[in-house]
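Working notes, beginning with the structure itself.
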Amino acid sequence: MSLYESVFIARQDVSVQDVDKLSEKFSKIVTDMKGKIIKKEYWGLRSLAYLLKKNRKGHYVMFGVDASPEAMTELQRQFSLSEDVIRSMTVRVEEIDKATPSIIMKSGERPAGERPADKYSDKKKGGDE
């Protein structure tokens with residue numbers, strides 16, 4: 001079996017309870033095909049970079065999955081058949097760390113004094129110093 005991370009985005013007008021039902025439905029598909037869900041994260045209702053099927057926001061859900069390629073093909077097929085899923089992506093990974101949350105879940109935690117890289121922050125435009 002292989003390890004995968006799979007993310008799907010549900011429509012903005014779907015309730016959180018309906019997103020949980022969708023997650024359970026997709027989890028059952030994997031477990032019925034002898035795979036297992038190692039990690040499941042609900043990332044919340046987040047703004048999209050651009051309109052997707054007339055939606056400005058979407059409910060993000062991520063699965064860490066240990067399953068066969070056939071199970072993942074079926075999961076992708078079910079994503080595409082669901083009217084509530086507006087986008088999905090699955091990638092194969094080397095390992096899934098179930099002890100620590102994903103970067104999205106950390107929501108911008110940084111060590112004290114550290115700031116994001118900005119190549120223009122402390123430099124003058126032009127030349128003379």
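Scheme for the structure tokens: letters A, B, ... for chains in order shown; per-chain residue numbers from 1; ligand numbers from 1 in order shown.
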Can you pull out the residues contacting Val91 of chain A? Cut-off 7 Å, using only C-alpha atoms, and skip same-chain residues under 5 positions away; I want them as an mmCIF file with N, CA and C atoms, in the first residue's frame.
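selection_1.cif written:
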data_model
loop_
_atom_site.group_PDB
_atom_site.id
_atom_site.type_symbol
_atom_site.label_atom_id
_atom_site.label_comp_id
_atom_site.auth_asym_id
_atom_site.auth_seq_id
_atom_site.Cartn_x
_atom_site.Cartn_y
_atom_site.Cartn_z
ATOM 1 N N TYR A 4 -0.795 8.587 0.727
ATOM 2 C CA TYR A 4 -1.306 9.702 -0.070
ATOM 3 C C TYR A 4 -1.835 10.792 0.847
ATOM 4 N N GLU A 5 -1.779 12.025 0.377
ATOM 5 C CA GLU A 5 -2.507 13.125 0.996
ATOM 6 C C GLU A 5 -3.532 13.589 -0.022
ATOM 7 N N SER A 6 -4.769 13.683 0.413
ATOM 8 C CA SER A 6 -5.855 14.052 -0.472
ATOM 9 C C SER A 6 -6.634 15.207 0.157
#
Q | Leu45 of chain A environment, 8 Å, only C-alpha atoms, sequence neighbours closer than 2 positions dropped, as a ChimeraX atom specification | A | /A:12,43,47,57-60
Any chance you can output those residues with N, CA and C atoms as a JSON list (two decimals), in the first residue's frame?
[["chain", "number", "residue", "atom", "x", "y", "z"],
["A", 12, "GLN", "N", -19.35, 26.45, -0.50],
["A", 12, "GLN", "CA", -19.49, 27.34, 0.65],
["A", 12, "GLN", "C", -20.87, 27.26, 1.31],
["A", 43, "TRP", "N", -9.92, 22.00, 7.66],
["A", 43, "TRP", "CA", -9.22, 23.27, 7.65],
["A", 43, "TRP", "C", -10.16, 24.47, 7.73],
["A", 47, "SER", "N", -11.32, 31.44, 2.16],
["A", 47, "SER", "CA", -11.49, 32.16, 0.90],
["A", 47, "SER", "C", -10.67, 31.50, -0.19],
["A", 57, "LYS", "N", -15.77, 31.02, -1.47],
["A", 57, "LYS", "CA", -15.19, 30.33, -0.31],
["A", 57, "LYS", "C", -15.44, 28.84, -0.45],
["A", 58, "GLY", "N", -14.75, 28.07, 0.38],
["A", 58, "GLY", "CA", -14.96, 26.63, 0.35],
["A", 58, "GLY", "C", -14.51, 25.99, 1.65],
["A", 59, "HIS", "N", -15.11, 24.86, 1.99],
["A", 59, "HIS", "CA", -14.73, 24.07, 3.15],
["A", 59, "HIS", "C", -13.60, 23.13, 2.73],
["A", 60, "TYR", "N", -12.45, 23.25, 3.37],
["A", 60, "TYR", "CA", -11.29, 22.42, 3.03],
["A", 60, "TYR", "C", -11.18, 21.24, 4.00]]
Q: Run DSSP on the backbone of this structure and report the residues of chain A it assigns to strand (DSSP E), as a count of residues only.
A: 49
Q: List every residue of segment 19-115 of chain A that DSSP, applied to the backbone of this structure, places in helix (DSSP H, G or I), and write the result as a PyMOL selection string.
A: chain A and resi 19-32+69-81+103-106
Write the residues of the selection above to a file with N, CA and C atoms, as a PDB file, in the first residue's frame.
ATOM      1  N   VAL A  19     -20.439  18.603   5.597  1.00  0.00           N
ATOM      2  CA  VAL A  19     -19.041  18.351   5.251  1.00  0.00           C
ATOM      3  C   VAL A  19     -18.540  17.136   6.036  1.00  0.00           C
ATOM      4  N   ASP A  20     -18.948  17.024   7.313  1.00  0.00           N
ATOM      5  CA  ASP A  20     -18.584  15.842   8.114  1.00  0.00           C
ATOM      6  C   ASP A  20     -19.163  14.571   7.501  1.00  0.00           C
ATOM      7  N   LYS A  21     -20.405  14.647   7.025  1.00  0.00           N
ATOM      8  CA  LYS A  21     -21.015  13.479   6.374  1.00  0.00           C
ATOM      9  C   LYS A  21     -20.265  13.103   5.102  1.00  0.00           C
ATOM     10  N   LEU A  22     -19.866  14.117   4.320  1.00  0.00           N
ATOM     11  CA  LEU A  22     -19.074  13.854   3.119  1.00  0.00           C
ATOM     12  C   LEU A  22     -17.750  13.183   3.484  1.00  0.00           C
ATOM     13  N   SER A  23     -17.101  13.689   4.528  1.00  0.00           N
ATOM     14  CA  SER A  23     -15.829  13.116   4.976  1.00  0.00           C
ATOM     15  C   SER A  23     -15.998  11.661   5.378  1.00  0.00           C
ATOM     16  N   GLU A  24     -17.066  11.369   6.094  1.00  0.00           N
ATOM     17  CA  GLU A  24     -17.329   9.991   6.506  1.00  0.00           C
ATOM     18  C   GLU A  24     -17.602   9.103   5.291  1.00  0.00           C
ATOM     19  N   LYS A  25     -18.338   9.630   4.334  1.00  0.00           N
ATOM     20  CA  LYS A  25     -18.632   8.870   3.115  1.00  0.00           C
ATOM     21  C   LYS A  25     -17.341   8.527   2.375  1.00  0.00           C
ATOM     22  N   PHE A  26     -16.445   9.519   2.223  1.00  0.00           N
ATOM     23  CA  PHE A  26     -15.189   9.290   1.517  1.00  0.00           C
ATOM     24  C   PHE A  26     -14.263   8.376   2.324  1.00  0.00           C
ATOM     25  N   SER A  27     -14.280   8.498   3.647  1.00  0.00           N
ATOM     26  CA  SER A  27     -13.478   7.612   4.498  1.00  0.00           C
ATOM     27  C   SER A  27     -13.936   6.169   4.352  1.00  0.00           C
ATOM     28  N   LYS A  28     -15.244   5.972   4.286  1.00  0.00           N
ATOM     29  CA  LYS A  28     -15.803   4.623   4.146  1.00  0.00           C
ATOM     30  C   LYS A  28     -15.377   3.989   2.817  1.00  0.00           C
ATOM     31  N   ILE A  29     -15.289   4.777   1.775  1.00  0.00           N
ATOM     32  CA  ILE A  29     -14.848   4.270   0.469  1.00  0.00           C
ATOM     33  C   ILE A  29     -13.438   3.697   0.594  1.00  0.00           C
ATOM     34  N   VAL A  30     -12.562   4.419   1.292  1.00  0.00           N
ATOM     35  CA  VAL A  30     -11.180   3.969   1.454  1.00  0.00           C
ATOM     36  C   VAL A  30     -11.122   2.720   2.315  1.00  0.00           C
ATOM     37  N   THR A  31     -11.838   2.719   3.439  1.00  0.00           N
ATOM     38  CA  THR A  31     -11.782   1.567   4.351  1.00  0.00           C
ATOM     39  C   THR A  31     -12.439   0.330   3.741  1.00  0.00           C
ATOM     40  N   ASP A  32     -13.460   0.507   2.919  1.00  0.00           N
ATOM     41  CA  ASP A  32     -14.095  -0.630   2.246  1.00  0.00           C
ATOM     42  C   ASP A  32     -13.150  -1.301   1.254  1.00  0.00           C
ATOM     43  N   PRO A  69      -3.484   1.989  -4.972  1.00  0.00           N
ATOM     44  CA  PRO A  69      -3.798   2.936  -6.053  1.00  0.00           C
ATOM     45  C   PRO A  69      -5.237   2.807  -6.558  1.00  0.00           C
ATOM     46  N   GLU A  70      -5.772   1.587  -6.526  1.00  0.00           N
ATOM     47  CA  GLU A  70      -7.160   1.391  -6.968  1.00  0.00           C
ATOM     48  C   GLU A  70      -8.136   2.111  -6.041  1.00  0.00           C
ATOM     49  N   ALA A  71      -7.870   2.072  -4.735  1.00  0.00           N
ATOM     50  CA  ALA A  71      -8.735   2.765  -3.779  1.00  0.00           C
ATOM     51  C   ALA A  71      -8.679   4.275  -3.995  1.00  0.00           C
ATOM     52  N   MET A  72      -7.499   4.787  -4.300  1.00  0.00           N
ATOM     53  CA  MET A  72      -7.370   6.220  -4.521  1.00  0.00           C
ATOM     54  C   MET A  72      -8.028   6.644  -5.837  1.00  0.00           C
ATOM     55  N   THR A  73      -7.977   5.785  -6.826  1.00  0.00           N
ATOM     56  CA  THR A  73      -8.677   6.069  -8.083  1.00  0.00           C
ATOM     57  C   THR A  73     -10.177   6.149  -7.842  1.00  0.00           C
ATOM     58  N   GLU A  74     -10.700   5.231  -7.031  1.00  0.00           N
ATOM     59  CA  GLU A  74     -12.129   5.252  -6.696  1.00  0.00           C
ATOM     60  C   GLU A  74     -12.480   6.495  -5.882  1.00  0.00           C
ATOM     61  N   LEU A  75     -11.613   6.878  -4.953  1.00  0.00           N
ATOM     62  CA  LEU A  75     -11.863   8.080  -4.152  1.00  0.00           C
ATOM     63  C   LEU A  75     -11.906   9.305  -5.061  1.00  0.00           C
ATOM     64  N   GLN A  76     -10.973   9.429  -5.981  1.00  0.00           N
ATOM     65  CA  GLN A  76     -10.980  10.548  -6.919  1.00  0.00           C
ATOM     66  C   GLN A  76     -12.242  10.544  -7.783  1.00  0.00           C
ATOM     67  N   ARG A  77     -12.683   9.359  -8.181  1.00  0.00           N
ATOM     68  CA  ARG A  77     -13.904   9.250  -8.976  1.00  0.00           C
ATOM     69  C   ARG A  77     -15.107   9.745  -8.176  1.00  0.00           C
ATOM     70  N   GLN A  78     -15.172   9.368  -6.904  1.00  0.00           N
ATOM     71  CA  GLN A  78     -16.275   9.811  -6.047  1.00  0.00           C
ATOM     72  C   GLN A  78     -16.229  11.325  -5.803  1.00  0.00           C
ATOM     73  N   PHE A  79     -15.023  11.884  -5.689  1.00  0.00           N
ATOM     74  CA  PHE A  79     -14.896  13.344  -5.582  1.00  0.00           C
ATOM     75  C   PHE A  79     -15.515  14.005  -6.808  1.00  0.00           C
ATOM     76  N   SER A  80     -15.214  13.486  -7.972  1.00  0.00           N
ATOM     77  CA  SER A  80     -15.705  14.108  -9.206  1.00  0.00           C
ATOM     78  C   SER A  80     -17.217  13.934  -9.389  1.00  0.00           C
ATOM     79  N   LEU A  81     -17.779  12.861  -8.818  1.00  0.00           N
ATOM     80  CA  LEU A  81     -19.223  12.634  -8.939  1.00  0.00           C
ATOM     81  C   LEU A  81     -20.044  13.470  -7.960  1.00  0.00           C
ATOM     82  N   ILE A 103       0.723  22.369   8.097  1.00  0.00           N
ATOM     83  CA  ILE A 103       1.089  23.788   8.107  1.00  0.00           C
ATOM     84  C   ILE A 103      -0.155  24.669   8.122  1.00  0.00           C
ATOM     85  N   ILE A 104      -1.183  24.275   7.423  1.00  0.00           N
ATOM     86  CA  ILE A 104      -2.425  25.044   7.398  1.00  0.00           C
ATOM     87  C   ILE A 104      -3.036  25.123   8.794  1.00  0.00           C
ATOM     88  N   MET A 105      -2.992  24.037   9.541  1.00  0.00           N
ATOM     89  CA  MET A 105      -3.579  24.011  10.877  1.00  0.00           C
ATOM     90  C   MET A 105      -2.778  24.847  11.877  1.00  0.00           C
ATOM     91  N   LYS A 106      -1.501  25.024  11.645  1.00  0.00           N
ATOM     92  CA  LYS A 106      -0.676  25.818  12.552  1.00  0.00           C
ATOM     93  C   LYS A 106      -1.023  27.298  12.473  1.00  0.00           C
TER      94      LYS A 106
END
